[in-house]
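Have a look at coords37.txt below; it lists compact mmCIF, C-alpha atoms (C1' of nucleotides).
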```txt
# COMPACT_ATOMS: atom_id res chain seq x y z
CA MET A 1 12.70 -22.65 -12.58
CA SER A 2 13.67 -25.67 -14.64
CA ASP A 3 12.27 -26.02 -18.13
CA LYS A 4 11.15 -29.53 -17.34
CA THR A 5 8.97 -28.41 -14.46
CA SER A 6 5.54 -29.77 -15.16
CA LEU A 7 2.60 -27.62 -16.04
CA SER A 8 0.78 -28.83 -12.96
CA GLN A 9 3.62 -27.79 -10.71
CA ARG A 10 3.79 -24.38 -12.35
CA ARG A 11 0.10 -23.92 -11.70
CA LEU A 12 0.43 -24.86 -8.05
CA ARG A 13 3.34 -22.48 -7.57
CA THR A 14 1.43 -19.71 -9.25
CA TRP A 15 -1.52 -20.31 -6.94
CA ILE A 16 0.71 -20.28 -3.87
CA ARG A 17 2.30 -17.03 -4.92
CA LEU A 18 -1.10 -15.50 -5.59
CA LEU A 19 -2.27 -16.54 -2.15
CA ARG A 20 0.83 -15.27 -0.40
CA LEU A 21 0.62 -11.92 -2.14
CA THR A 22 -3.00 -11.34 -1.18
CA ARG A 23 -2.43 -12.49 2.40
CA ARG A 24 0.58 -10.30 2.83
CA SER A 25 -1.22 -7.33 1.34
CA GLU A 26 -4.31 -7.90 3.43
CA ASN A 27 -2.20 -8.18 6.55
CA HIS A 28 -0.56 -4.89 5.66
CA LEU A 29 -3.88 -3.17 4.97
CA ARG A 30 -5.42 -4.57 8.16
CA GLU A 31 -2.59 -3.17 10.22
CA PHE A 32 -2.77 0.13 8.35
CA PHE A 33 -6.51 0.52 8.94
CA ARG A 34 -6.19 -0.51 12.56
CA VAL A 35 -3.41 1.93 13.40
CA HIS A 36 -4.36 4.93 11.29
CA HIS A 37 -8.11 4.70 10.89
CA ASN A 38 -9.37 2.63 13.80
CA THR A 39 -11.30 0.27 11.55
CA THR A 40 -11.06 -3.20 10.04
CA LEU A 41 -10.81 -4.69 6.57
CA PRO A 42 -14.30 -6.25 6.52
CA ARG A 43 -15.86 -2.97 7.60
CA PHE A 44 -14.00 -1.09 4.89
CA ASP A 45 -14.97 -3.68 2.27
CA VAL A 46 -18.65 -3.38 3.16
CA MET A 47 -18.56 0.40 3.19
CA ALA A 48 -16.72 0.46 -0.14
CA GLN A 49 -19.29 -1.80 -1.71
CA LEU A 50 -22.19 0.27 -0.42
CA GLU A 51 -20.61 3.49 -1.62
CA ARG A 52 -19.54 2.11 -4.99
CA ASN A 53 -23.11 1.03 -5.64
CA LYS A 54 -24.56 4.54 -5.30
CA LYS A 55 -28.06 3.26 -4.55
CA PRO A 56 -29.04 1.36 -1.37
CA MET A 57 -28.37 -2.38 -1.56
CA LYS A 58 -30.33 -5.41 -0.46
CA MET A 59 -28.53 -7.51 2.14
CA SER A 60 -28.39 -10.37 -0.35
CA GLU A 61 -26.86 -8.14 -3.03
CA LEU A 62 -24.24 -7.04 -0.56
CA SER A 63 -23.19 -10.52 0.56
CA LYS A 64 -23.19 -11.82 -2.99
CA SER A 65 -21.06 -9.02 -4.33
CA LEU A 66 -18.53 -9.43 -1.53
CA LEU A 67 -18.47 -13.23 -1.89
CA VAL A 68 -19.34 -13.76 1.76
CA SER A 69 -22.18 -15.61 3.45
CA ASN A 70 -25.44 -13.84 4.17
CA GLY A 71 -24.97 -14.38 7.89
CA ASN A 72 -21.66 -12.59 7.70
CA ALA A 73 -23.15 -9.52 6.04
CA THR A 74 -25.74 -9.36 8.81
CA THR A 75 -23.19 -9.14 11.62
CA VAL A 76 -20.90 -6.63 9.92
CA ILE A 77 -23.86 -4.38 9.12
CA ASP A 78 -25.06 -4.82 12.71
CA ARG A 79 -21.84 -3.33 13.95
CA LEU A 80 -21.68 -0.54 11.38
CA GLU A 81 -25.27 0.36 12.22
CA LYS A 82 -24.52 0.38 15.94
CA ASP A 83 -21.73 2.85 15.21
CA GLY A 84 -24.01 5.04 13.13
CA LEU A 85 -22.11 4.43 9.88
CA ALA A 86 -24.77 2.44 8.02
CA LYS A 87 -28.52 2.25 8.24
CA ARG A 88 -31.12 -0.37 7.32
CA THR A 89 -34.45 0.46 5.71
CA PRO A 90 -37.29 -2.02 5.15
CA ALA A 91 -38.15 -2.15 1.44
CA LYS A 92 -41.60 -0.90 0.49
CA SER A 93 -42.34 -3.31 -2.33
CA ASP A 94 -41.24 -6.52 -0.59
CA ARG A 95 -41.45 -6.81 3.16
CA ARG A 96 -38.81 -9.55 3.27
CA VAL A 97 -36.18 -7.23 1.85
CA VAL A 98 -33.93 -4.94 3.87
CA GLU A 99 -32.03 -2.18 2.14
CA VAL A 100 -28.74 -0.85 3.45
CA GLN A 101 -26.83 2.33 2.83
CA LEU A 102 -24.16 4.45 4.45
CA THR A 103 -25.17 7.33 6.68
CA ASP A 104 -23.72 10.79 6.08
CA GLU A 105 -21.20 10.08 8.81
CA GLY A 106 -20.38 6.74 7.16
CA ARG A 107 -19.85 8.42 3.81
CA ALA A 108 -17.62 11.06 5.35
CA GLN A 109 -15.49 8.44 7.10
CA PHE A 110 -15.28 6.36 3.97
CA GLU A 111 -14.03 9.22 1.81
CA ILE A 112 -11.02 9.62 4.04
CA GLN A 113 -10.34 5.91 4.32
CA ALA A 114 -10.75 5.32 0.59
CA ALA A 115 -8.15 7.94 -0.29
CA ALA A 116 -5.70 6.41 2.17
CA HIS A 117 -6.48 2.94 0.87
CA GLU A 118 -5.81 3.99 -2.70
CA ALA A 119 -2.43 5.37 -1.68
CA GLU A 120 -1.50 2.03 -0.10
CA ILE A 121 -2.53 0.12 -3.21
CA ASP A 122 -0.47 2.53 -5.28
CA LYS A 123 2.58 1.51 -3.28
CA LEU A 124 1.79 -2.16 -3.77
CA PHE A 125 1.89 -1.92 -7.56
CA SER A 126 4.34 0.96 -7.89
CA ASP A 127 6.81 -1.11 -9.93
CA LEU A 128 4.33 -2.05 -12.66
CA ASP A 129 3.46 0.29 -15.54
CA HIS A 130 0.22 0.70 -17.52
CA GLU A 131 0.84 -2.16 -19.92
CA GLU A 132 2.00 -4.55 -17.22
CA LEU A 133 -1.04 -3.82 -15.08
CA ASP A 134 -3.33 -4.44 -18.03
CA ALA A 135 -1.49 -7.67 -18.83
CA LEU A 136 -1.78 -8.79 -15.24
CA ARG A 137 -5.49 -8.03 -15.09
CA ASP A 138 -6.00 -9.82 -18.37
CA MET A 139 -4.16 -12.90 -17.15
CA LEU A 140 -6.16 -12.99 -13.92
CA GLY A 141 -9.33 -12.61 -15.96
CA ARG A 142 -8.50 -15.76 -17.89
CA THR A 143 -8.69 -18.08 -14.91
CA LYS A 144 -11.70 -20.16 -13.95
CA GLY A 145 -11.78 -18.56 -10.54
CA ASP A 146 -12.59 -15.23 -12.05
CA GLY A 147 -16.32 -15.32 -12.66
CA ASP A 148 -18.10 -12.81 -14.83
CA ASP A 149 -20.36 -11.17 -12.26
CA ASP A 150 -19.57 -7.63 -11.26
CA VAL A 151 -16.42 -7.33 -13.32
CA ASP A 152 -15.01 -3.86 -13.04
CA MET B 1 -10.72 0.32 -20.40
CA SER B 2 -10.13 3.89 -21.57
CA ASP B 3 -6.62 4.91 -22.43
CA LYS B 4 -6.94 7.93 -20.19
CA THR B 5 -7.71 5.84 -17.13
CA SER B 6 -5.20 6.87 -14.53
CA LEU B 7 -2.44 4.62 -13.32
CA SER B 8 -3.84 4.77 -9.84
CA GLN B 9 -7.23 3.57 -11.00
CA ARG B 10 -5.64 0.72 -12.94
CA ARG B 11 -3.81 -0.35 -9.81
CA LEU B 12 -6.95 -0.33 -7.73
CA ARG B 13 -8.83 -2.39 -10.29
CA THR B 14 -5.99 -4.85 -10.49
CA TRP B 15 -6.04 -5.23 -6.73
CA ILE B 16 -9.80 -5.77 -6.69
CA ARG B 17 -9.57 -8.42 -9.36
CA LEU B 18 -6.74 -10.13 -7.50
CA LEU B 19 -8.81 -10.14 -4.34
CA ARG B 20 -11.93 -11.43 -6.05
CA LEU B 21 -10.03 -14.23 -7.75
CA THR B 22 -8.46 -15.49 -4.55
CA ARG B 23 -11.73 -15.21 -2.60
CA ARG B 24 -13.66 -17.05 -5.24
CA SER B 25 -11.02 -19.74 -5.48
CA GLU B 26 -10.80 -20.11 -1.73
CA ASN B 27 -14.56 -20.38 -1.48
CA HIS B 28 -14.48 -23.10 -4.11
CA LEU B 29 -11.68 -24.99 -2.38
CA ARG B 30 -13.36 -24.63 1.02
CA GLU B 31 -16.56 -26.15 -0.36
CA PHE B 32 -14.57 -28.86 -2.13
CA PHE B 33 -12.68 -29.87 1.01
CA ARG B 34 -15.82 -29.75 3.11
CA VAL B 35 -17.87 -31.96 0.79
CA HIS B 36 -15.26 -34.42 -0.44
CA HIS B 37 -12.67 -34.57 2.32
CA ASN B 38 -14.41 -33.48 5.50
CA THR B 39 -11.77 -30.90 6.29
CA THR B 40 -11.19 -27.16 6.13
CA LEU B 41 -8.84 -24.80 4.33
CA PRO B 42 -6.85 -23.75 7.41
CA ARG B 43 -6.30 -27.37 8.38
CA PHE B 44 -5.10 -28.21 4.88
CA ASP B 45 -2.81 -25.20 4.79
CA VAL B 46 -1.18 -26.17 8.06
CA MET B 47 -0.78 -29.79 7.04
CA ALA B 48 0.68 -28.78 3.68
CA GLN B 49 3.21 -26.53 5.34
CA LEU B 50 4.25 -29.21 7.80
CA GLU B 51 4.63 -31.79 5.06
CA ARG B 52 6.38 -29.47 2.64
CA ASN B 53 8.97 -28.73 5.30
CA LYS B 54 10.04 -32.36 5.72
CA LYS B 55 11.48 -31.73 9.18
CA PRO B 56 9.38 -30.86 12.27
CA MET B 57 8.64 -27.14 12.58
CA LYS B 58 8.62 -24.77 15.52
CA MET B 59 5.22 -23.19 16.18
CA SER B 60 6.71 -19.81 15.37
CA GLU B 61 8.12 -21.05 12.06
CA LEU B 62 4.72 -22.40 11.17
CA SER B 63 2.77 -19.24 11.90
CA LYS B 64 5.36 -17.07 10.20
CA SER B 65 5.43 -19.16 7.04
CA LEU B 66 1.63 -19.16 6.81
CA LEU B 67 1.42 -15.43 7.53
CA VAL B 68 -0.94 -15.94 10.44
CA SER B 69 -0.71 -14.96 14.10
CA ASN B 70 1.00 -17.25 16.58
CA GLY B 71 -2.22 -17.66 18.52
CA ASN B 72 -3.93 -18.87 15.40
CA ALA B 73 -1.36 -21.58 14.79
CA THR B 74 -1.90 -22.77 18.35
CA THR B 75 -5.63 -23.36 17.94
CA VAL B 76 -5.42 -25.05 14.55
CA ILE B 77 -2.69 -27.38 15.79
CA ASP B 78 -4.78 -28.01 18.92
CA ARG B 79 -7.57 -29.37 16.77
CA LEU B 80 -5.31 -31.36 14.45
CA GLU B 81 -3.63 -32.89 17.48
CA LYS B 82 -6.97 -33.75 19.03
CA ASP B 83 -7.83 -35.60 15.83
CA GLY B 84 -4.51 -37.44 15.85
CA LEU B 85 -3.26 -35.81 12.64
CA ALA B 86 -0.42 -33.75 14.12
CA LYS B 87 1.72 -34.07 17.22
CA ARG B 88 3.69 -31.67 19.37
CA THR B 89 7.12 -32.48 20.79
CA PRO B 90 8.99 -30.32 23.32
CA ALA B 91 12.36 -29.33 21.87
CA LYS B 92 15.38 -30.71 23.71
CA SER B 93 17.72 -27.76 23.28
CA ASP B 94 15.26 -25.02 24.25
CA ARG B 95 12.41 -25.74 26.60
CA ARG B 96 10.38 -22.80 25.32
CA VAL B 97 10.20 -24.33 21.87
CA VAL B 98 7.52 -26.76 20.70
CA GLU B 99 8.06 -28.73 17.53
CA VAL B 100 5.18 -29.94 15.41
CA GLN B 101 4.88 -32.58 12.74
CA LEU B 102 2.23 -34.71 11.09
CA THR B 103 1.48 -38.16 12.43
CA ASP B 104 1.49 -41.14 10.06
CA GLU B 105 -2.27 -40.83 9.86
CA GLY B 106 -1.93 -37.12 9.14
CA ARG B 107 0.54 -37.79 6.37
CA ALA B 108 -1.69 -40.44 4.84
CA GLN B 109 -4.69 -38.12 4.87
CA PHE B 110 -2.66 -35.29 3.45
CA GLU B 111 -1.40 -37.32 0.50
CA ILE B 112 -4.96 -37.89 -0.66
CA GLN B 113 -6.06 -34.32 -0.07
CA ALA B 114 -2.97 -32.87 -1.76
CA ALA B 115 -3.58 -34.82 -4.95
CA ALA B 116 -7.19 -33.67 -5.03
CA HIS B 117 -6.12 -30.13 -4.30
CA GLU B 118 -3.63 -30.13 -7.15
CA ALA B 119 -6.36 -31.28 -9.52
CA GLU B 120 -8.57 -28.36 -8.47
CA ILE B 121 -5.76 -25.88 -8.98
CA ASP B 122 -5.12 -27.41 -12.40
CA LYS B 123 -8.68 -26.56 -13.35
CA LEU B 124 -8.28 -23.02 -12.07
CA PHE B 125 -5.36 -22.27 -14.39
CA SER B 126 -6.28 -24.63 -17.21
CA ASP B 127 -6.49 -21.83 -19.78
CA LEU B 128 -2.96 -20.52 -19.23
CA ASP B 129 0.09 -22.14 -20.82
CA HIS B 130 3.68 -22.43 -19.54
CA GLU B 131 4.79 -19.02 -20.70
CA GLU B 132 1.70 -17.27 -19.41
CA LEU B 133 2.02 -18.90 -16.01
CA ASP B 134 5.64 -17.83 -15.78
CA ALA B 135 4.72 -14.31 -16.85
CA LEU B 136 1.97 -14.18 -14.24
CA ARG B 137 4.26 -15.43 -11.50
CA ASP B 138 6.90 -12.93 -12.55
CA MET B 139 4.41 -10.07 -12.48
CA LEU B 140 3.16 -11.03 -9.03
CA GLY B 141 6.74 -11.27 -7.86
CA ARG B 142 7.34 -7.65 -8.82
CA THR B 143 4.85 -6.22 -6.34
CA LYS B 144 5.74 -4.84 -2.94
CA GLY B 145 3.33 -7.24 -1.30
CA ASP B 146 5.45 -10.16 -2.38
CA GLY B 147 8.20 -10.36 0.19
CA ASP B 148 11.29 -12.46 -0.28
CA ASP B 149 10.84 -15.01 2.45
CA ASP B 150 10.01 -18.56 1.45
CA VAL B 151 9.72 -17.87 -2.26
CA ASP B 152 9.03 -21.07 -4.10
C1' DG C 1 24.77 -14.48 40.79
C1' DA C 2 20.79 -11.19 40.49
C1' DT C 3 18.22 -8.38 37.66
C1' DT C 4 16.50 -7.17 33.29
C1' DA C 5 15.31 -7.89 28.76
C1' DA C 6 14.01 -10.82 25.04
C1' DA C 7 11.91 -14.89 22.95
C1' DA C 8 8.45 -18.87 22.35
C1' DC C 9 4.32 -20.20 23.16
C1' DT C 10 -0.50 -20.14 25.13
C1' DT C 11 -4.56 -17.90 26.66
C1' DT C 12 -8.14 -14.58 26.25
C1' DA C 13 -11.60 -11.33 24.39
C1' DA C 14 -13.60 -9.58 20.51
C1' DA C 15 -14.43 -9.68 15.77
C1' DC C 16 -15.07 -12.41 11.70
C1' DT C 17 -16.77 -16.34 9.00
C1' DT C 18 -19.27 -20.22 7.58
C1' DG C 19 -23.14 -23.50 7.06
C1' DA C 20 -27.35 -24.81 8.80
C1' DA C 21 -31.60 -23.95 11.02
C1' DA C 22 -35.29 -20.77 11.95
C1' DT C 23 -38.56 -16.90 10.62
C1' DA C 24 -41.20 -14.41 7.78
C1' DA C 25 -43.09 -13.13 3.44
C1' DA C 26 -44.00 -13.71 -1.43
C1' DT C 27 -45.11 -16.83 -5.20
C1' DA C 28 -46.80 -21.09 -7.30
C1' DA C 29 -49.73 -25.03 -7.49
C1' DT C 30 -53.55 -27.20 -6.50
C1' DA D 1 -58.73 -20.30 -0.64
C1' DT D 2 -55.29 -23.53 0.94
C1' DT D 3 -51.09 -25.63 0.69
C1' DA D 4 -46.49 -26.03 -0.82
C1' DT D 5 -42.36 -23.99 -2.49
C1' DT D 6 -39.21 -20.47 -2.94
C1' DT D 7 -36.84 -16.27 -1.41
C1' DA D 8 -34.79 -12.80 2.02
C1' DT D 9 -33.02 -12.24 6.15
C1' DT D 10 -31.63 -13.35 10.82
C1' DT D 11 -30.07 -16.44 14.42
C1' DC D 12 -27.09 -19.93 16.06
C1' DA D 13 -23.12 -23.06 16.91
C1' DA D 14 -18.65 -24.04 15.72
C1' DG D 15 -14.40 -22.73 13.83
C1' DT D 16 -11.07 -19.11 12.45
C1' DT D 17 -8.45 -14.98 13.22
C1' DT D 18 -6.28 -11.16 15.37
C1' DA D 19 -4.12 -8.26 18.99
C1' DA D 20 -3.02 -8.05 23.55
C1' DA D 21 -1.90 -9.95 27.87
C1' DG D 22 0.15 -13.73 30.43
C1' DT D 23 3.60 -17.68 31.37
C1' DT D 24 7.77 -19.88 31.08
C1' DT D 25 12.38 -20.08 29.65
C1' DT D 26 16.63 -18.20 27.81
C1' DA D 27 20.01 -14.57 27.07
C1' DA D 28 22.21 -10.31 28.38
C1' DT D 29 23.84 -6.91 31.50
C1' DC D 30 25.48 -5.47 35.54
```
Have the structure of the file written as structure tokens, please.
Amino acid sequence: MSDKTSLSQRRLRTWIRLLRLTRRSENHLREFFRVHHNTTLPRFDVMAQLERNKKPMKMSELSKSLLVSNGNATTVIDRLEKDGLAKRTPAKSDRRVVEVQLTDEGRAQFEIQAAAHEAEIDKLFSDLDHEELDALRDMLGRTKGDGDDDVD
Amino acid sequence: MSDKTSLSQRRLRTWIRLLRLTRRSENHLREFFRVHHNTTLPRFDVMAQLERNKKPMKMSELSKSLLVSNGNATTVIDRLEKDGLAKRTPAKSDRRVVEVQLTDEGRAQFEIQAAAHEAEIDKLFSDLDHEELDALRDMLGRTKGDGDDDVD
DNA sequence: GATTAAAACTTTAAACTTGAAATAAATAAT
DNA sequence: ATTATTTATTTCAAGTTTAAAGTTTTAATC
């Protein structure tokens, strides 16, 4: 790229590359989950969030942590519940609140899927070493789009 | 992060941060387009691709370049066409092929939206300088998810 | 030239997603 | 105590997205 290329143009190109990388990777993961594990990306994301959290989550916590609308969380949980992978429990302290967690079957399924998922992500970044990964994460962390909630 | 943290774990965390950044940014852009320009992200993406390409595109070129299914391209173009922003033309050489391009009105609308979009992206990366942006782009380019088609 | 295979696009069903409206319950203000 | 406001969730309509099936046209093979 030319040295005279403006800062603004560099930013736009960086954004486009970022977007293309995530789309391509998500497409790959979607196909992988569909073929080998008979599930979808949104279902895996929800299950991962529930499992990562250890304790049952409120619906609102779930949707907020996944950056999706509350209505979206409802429908995905609806389907997981119908399949016996997640279960809702009315909260004792506040009758508006619904708490969600994986069932034993859900946990069992997730363990398998998570291991497979990790292997796929390993492939994705196989050409970057420790330092490069840290540098990349640091760089991503210094953008405005990267808020401070739930940083891992 | 601990020095003993495994490579695999670093990769997973990098992926999660990448995903969160793009989701957050897309959510922001979606809201921005909705409020200030009465349009959506998919519509903007399609229009940007058509305009960036200069010449009319085949439906298949469009869906491939945007990394979406062919059926998806059909419905988005359907709506843009209904609103008079894009138009389809049957190709002369091959009667299976449909070529798409923006209308004058579509181009005019896009100019405005593209400028606004660039300003938003500028904000997103405002804390990174030339060298850092190049380093970030380079790093992203060295992942398996970043294929070689249509690299900008 | 007829048949078969491949390609381009559209249609369809199901899942996903959002934003807004509706419901229900808790909290605050009077 | 009553009323108003806020909060948590679900429901709904419209749009997005995919994968698969269907249509039309072209190319290949015989």
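For chain C, the residues close to chain A, meaning within 12 Å and counting all atoms listed in the file, are C:DA15, C:DC16, C:DT17, C:DT18, C:DG19, C:DA20, C:DT23, C:DA24, C:DA25, C:DA26, C:DT27.
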Fitted copy of chain A on chain B, all Cα, as a short mmCIF file (atom, residue, chain, number, x, y, z; two decimals) with C-alpha atoms, in the frame of the given file:
```cif
data_model
loop_
_atom_site.label_atom_id
_atom_site.label_comp_id
_atom_site.auth_asym_id
_atom_site.auth_seq_id
_atom_site.Cartn_x
_atom_site.Cartn_y
_atom_site.Cartn_z
CA MET A 1 -10.76 0.26 -20.42
CA SER A 2 -10.14 3.80 -21.59
CA ASP A 3 -6.62 4.85 -22.43
CA LYS A 4 -6.97 7.87 -20.21
CA THR A 5 -7.72 5.79 -17.14
CA SER A 6 -5.22 6.84 -14.54
CA LEU A 7 -2.45 4.63 -13.32
CA SER A 8 -3.86 4.78 -9.82
CA GLN A 9 -7.24 3.57 -10.98
CA ARG A 10 -5.64 0.74 -12.93
CA ARG A 11 -3.81 -0.33 -9.81
CA LEU A 12 -6.96 -0.32 -7.72
CA ARG A 13 -8.84 -2.36 -10.31
CA THR A 14 -6.01 -4.83 -10.50
CA TRP A 15 -6.05 -5.21 -6.73
CA ILE A 16 -9.80 -5.74 -6.69
CA ARG A 17 -9.57 -8.39 -9.36
CA LEU A 18 -6.75 -10.11 -7.50
CA LEU A 19 -8.83 -10.14 -4.34
CA ARG A 20 -11.94 -11.41 -6.06
CA LEU A 21 -10.05 -14.21 -7.76
CA THR A 22 -8.48 -15.46 -4.54
CA ARG A 23 -11.75 -15.20 -2.62
CA ARG A 24 -13.67 -17.03 -5.27
CA SER A 25 -11.03 -19.73 -5.49
CA GLU A 26 -10.81 -20.10 -1.74
CA ASN A 27 -14.57 -20.36 -1.50
CA HIS A 28 -14.49 -23.08 -4.13
CA LEU A 29 -11.68 -24.97 -2.39
CA ARG A 30 -13.38 -24.64 1.00
CA GLU A 31 -16.55 -26.15 -0.36
CA PHE A 32 -14.58 -28.86 -2.14
CA PHE A 33 -12.67 -29.85 1.00
CA ARG A 34 -15.81 -29.75 3.11
CA VAL A 35 -17.88 -31.95 0.81
CA HIS A 36 -15.28 -34.41 -0.43
CA HIS A 37 -12.67 -34.56 2.30
CA ASN A 38 -14.41 -33.47 5.49
CA THR A 39 -11.76 -30.88 6.29
CA THR A 40 -11.17 -27.14 6.11
CA LEU A 41 -8.82 -24.79 4.29
CA PRO A 42 -6.82 -23.72 7.37
CA ARG A 43 -6.28 -27.34 8.37
CA PHE A 44 -5.10 -28.22 4.88
CA ASP A 45 -2.79 -25.19 4.78
CA VAL A 46 -1.16 -26.17 8.07
CA MET A 47 -0.77 -29.79 7.05
CA ALA A 48 0.68 -28.77 3.69
CA GLN A 49 3.21 -26.52 5.35
CA LEU A 50 4.26 -29.20 7.81
CA GLU A 51 4.61 -31.78 5.07
CA ARG A 52 6.39 -29.47 2.65
CA ASN A 53 8.97 -28.72 5.32
CA LYS A 54 10.04 -32.35 5.74
CA LYS A 55 11.47 -31.76 9.22
CA PRO A 56 9.37 -30.87 12.30
CA MET A 57 8.64 -27.15 12.62
CA LYS A 58 8.62 -24.77 15.55
CA MET A 59 5.23 -23.19 16.19
CA SER A 60 6.71 -19.80 15.37
CA GLU A 61 8.12 -21.06 12.07
CA LEU A 62 4.72 -22.41 11.19
CA SER A 63 2.77 -19.23 11.91
CA LYS A 64 5.36 -17.08 10.19
CA SER A 65 5.43 -19.16 7.05
CA LEU A 66 1.64 -19.16 6.81
CA LEU A 67 1.41 -15.42 7.52
CA VAL A 68 -0.95 -15.95 10.44
CA SER A 69 -0.73 -14.96 14.09
CA ASN A 70 0.95 -17.25 16.58
CA GLY A 71 -2.29 -17.62 18.51
CA ASN A 72 -3.97 -18.87 15.37
CA ALA A 73 -1.38 -21.58 14.79
CA THR A 74 -1.90 -22.76 18.36
CA THR A 75 -5.63 -23.37 17.95
CA VAL A 76 -5.42 -25.06 14.55
CA ILE A 77 -2.69 -27.38 15.81
CA ASP A 78 -4.78 -28.02 18.92
CA ARG A 79 -7.55 -29.36 16.76
CA LEU A 80 -5.31 -31.36 14.44
CA GLU A 81 -3.63 -32.89 17.48
CA LYS A 82 -6.97 -33.76 19.04
CA ASP A 83 -7.83 -35.60 15.83
CA GLY A 84 -4.53 -37.45 15.84
CA LEU A 85 -3.26 -35.80 12.64
CA ALA A 86 -0.42 -33.76 14.14
CA LYS A 87 1.71 -34.10 17.22
CA ARG A 88 3.70 -31.68 19.37
CA THR A 89 7.12 -32.49 20.81
CA PRO A 90 9.00 -30.32 23.32
CA ALA A 91 12.39 -29.36 21.88
CA LYS A 92 15.42 -30.75 23.69
CA SER A 93 17.76 -27.82 23.25
CA ASP A 94 15.33 -25.04 24.22
CA ARG A 95 12.52 -25.75 26.62
CA ARG A 96 10.46 -22.82 25.34
CA VAL A 97 10.22 -24.35 21.88
CA VAL A 98 7.55 -26.77 20.72
CA GLU A 99 8.06 -28.74 17.55
CA VAL A 100 5.17 -29.94 15.41
CA GLN A 101 4.87 -32.59 12.76
CA LEU A 102 2.22 -34.70 11.09
CA THR A 103 1.48 -38.15 12.42
CA ASP A 104 1.48 -41.14 10.07
CA GLU A 105 -2.29 -40.83 9.88
CA GLY A 106 -1.93 -37.11 9.14
CA ARG A 107 0.55 -37.80 6.36
CA ALA A 108 -1.70 -40.44 4.85
CA GLN A 109 -4.70 -38.11 4.88
CA PHE A 110 -2.66 -35.29 3.44
CA GLU A 111 -1.41 -37.32 0.49
CA ILE A 112 -4.95 -37.90 -0.66
CA GLN A 113 -6.05 -34.33 -0.07
CA ALA A 114 -2.98 -32.86 -1.76
CA ALA A 115 -3.58 -34.82 -4.95
CA ALA A 116 -7.19 -33.67 -5.04
CA HIS A 117 -6.13 -30.11 -4.30
CA GLU A 118 -3.65 -30.13 -7.15
CA ALA A 119 -6.36 -31.29 -9.54
CA GLU A 120 -8.58 -28.37 -8.49
CA ILE A 121 -5.77 -25.87 -9.00
CA ASP A 122 -5.13 -27.40 -12.41
CA LYS A 123 -8.70 -26.55 -13.36
CA LEU A 124 -8.29 -23.00 -12.09
CA PHE A 125 -5.38 -22.26 -14.42
CA SER A 126 -6.28 -24.62 -17.25
CA ASP A 127 -6.49 -21.81 -19.81
CA LEU A 128 -2.95 -20.53 -19.23
CA ASP A 129 0.11 -22.15 -20.81
CA HIS A 130 3.70 -22.44 -19.55
CA GLU A 131 4.82 -19.01 -20.69
CA GLU A 132 1.71 -17.26 -19.42
CA LEU A 133 2.03 -18.89 -16.01
CA ASP A 134 5.65 -17.83 -15.78
CA ALA A 135 4.73 -14.30 -16.85
CA LEU A 136 1.99 -14.17 -14.26
CA ARG A 137 4.26 -15.41 -11.49
CA ASP A 138 6.90 -12.92 -12.54
CA MET A 139 4.43 -10.05 -12.47
CA LEU A 140 3.15 -11.03 -9.03
CA GLY A 141 6.74 -11.28 -7.85
CA ARG A 142 7.33 -7.66 -8.81
CA THR A 143 4.85 -6.22 -6.34
CA LYS A 144 5.71 -4.85 -2.93
CA GLY A 145 3.31 -7.26 -1.30
CA ASP A 146 5.40 -10.17 -2.40
CA GLY A 147 8.17 -10.40 0.17
CA ASP A 148 11.27 -12.48 -0.35
CA ASP A 149 10.88 -14.99 2.47
CA ASP A 150 10.06 -18.54 1.53
CA VAL A 151 9.74 -17.90 -2.17
CA ASP A 152 9.09 -21.13 -3.99
#
```
Just need the residues of chain A within 6 Å of chain B, counting only C-alpha atoms, so spit them out as a list in words.
Thr14, Leu21, Arg24, Ser25, Leu124, Phe125, Arg137, Thr143, Lys144, Gly145 and Asp146 of chain A
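One finds CA of Lys64 in chain A at 28.5 Å from CA of Val46 in chain B.
We find CA of Val98 in chain A and CA of Met59 in chain A to be spaced 6.2 Å apart.
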Expressed in Å to a single decimal, how great is the separation between CA of Ser63 in chain A and CA of Gln113 in chain A?
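Calculated distance between CA of Ser63 in chain A and CA of Gln113 in chain A is 21.2 Å.
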Rank nothing, just name the residue among A:Ala115, A:Ala48, A:Ala91, A:Ala86 nearest to chain D, using only C-alpha atoms (C1' of nucleotides).
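The shortest atom-to-atom distance to chain D comes from A:Ala91.
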May I ask you to extract the residues of chain D within 8 Å of chain A, using all atoms listed in the file, and to give them as a PyMOL selection string?
chain D and resi 8-10
File dump, residues just selected, C-alpha atoms (C1' of nucleotides), as an mmCIF file, in the frame of the given file:
```
data_model
loop_
_atom_site.group_PDB
_atom_site.id
_atom_site.type_symbol
_atom_site.label_atom_id
_atom_site.label_comp_id
_atom_site.auth_asym_id
_atom_site.auth_seq_id
_atom_site.Cartn_x
_atom_site.Cartn_y
_atom_site.Cartn_z
ATOM 1 C "C1'" DA D 8 -34.790 -12.800 2.020
ATOM 2 C "C1'" DT D 9 -33.020 -12.240 6.150
ATOM 3 C "C1'" DT D 10 -31.630 -13.350 10.820
#
```
How big is the axis-aligned box around the listed atoms of range 1-20 of chain C once 6 Å is added on each side, and where is its centre? Give both in Å to one decimal, as JSON.
```
{"center_x": -1.3, "center_y": -16.0, "center_z": 23.9, "size_x": 64.1, "size_y": 29.6, "size_z": 45.7}
```
Return the single residue from C:DA6, C:DA21, C:DA14, C:DA29 that is closest to DC12 in chain D, with distances computed using only C-alpha atoms (C1' of nucleotides).
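Closest residue, counting only C-alpha atoms (C1' of nucleotides): C:DA21.
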Counting only C-alpha atoms, the option among B:Glu61, B:Glu31, B:Asp78, B:Glu111 closest to Glu99 in chain B
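Ranking B:Glu61, B:Glu31, B:Asp78, B:Glu111 by distance to Glu99 in chain B, first place goes to B:Glu61.
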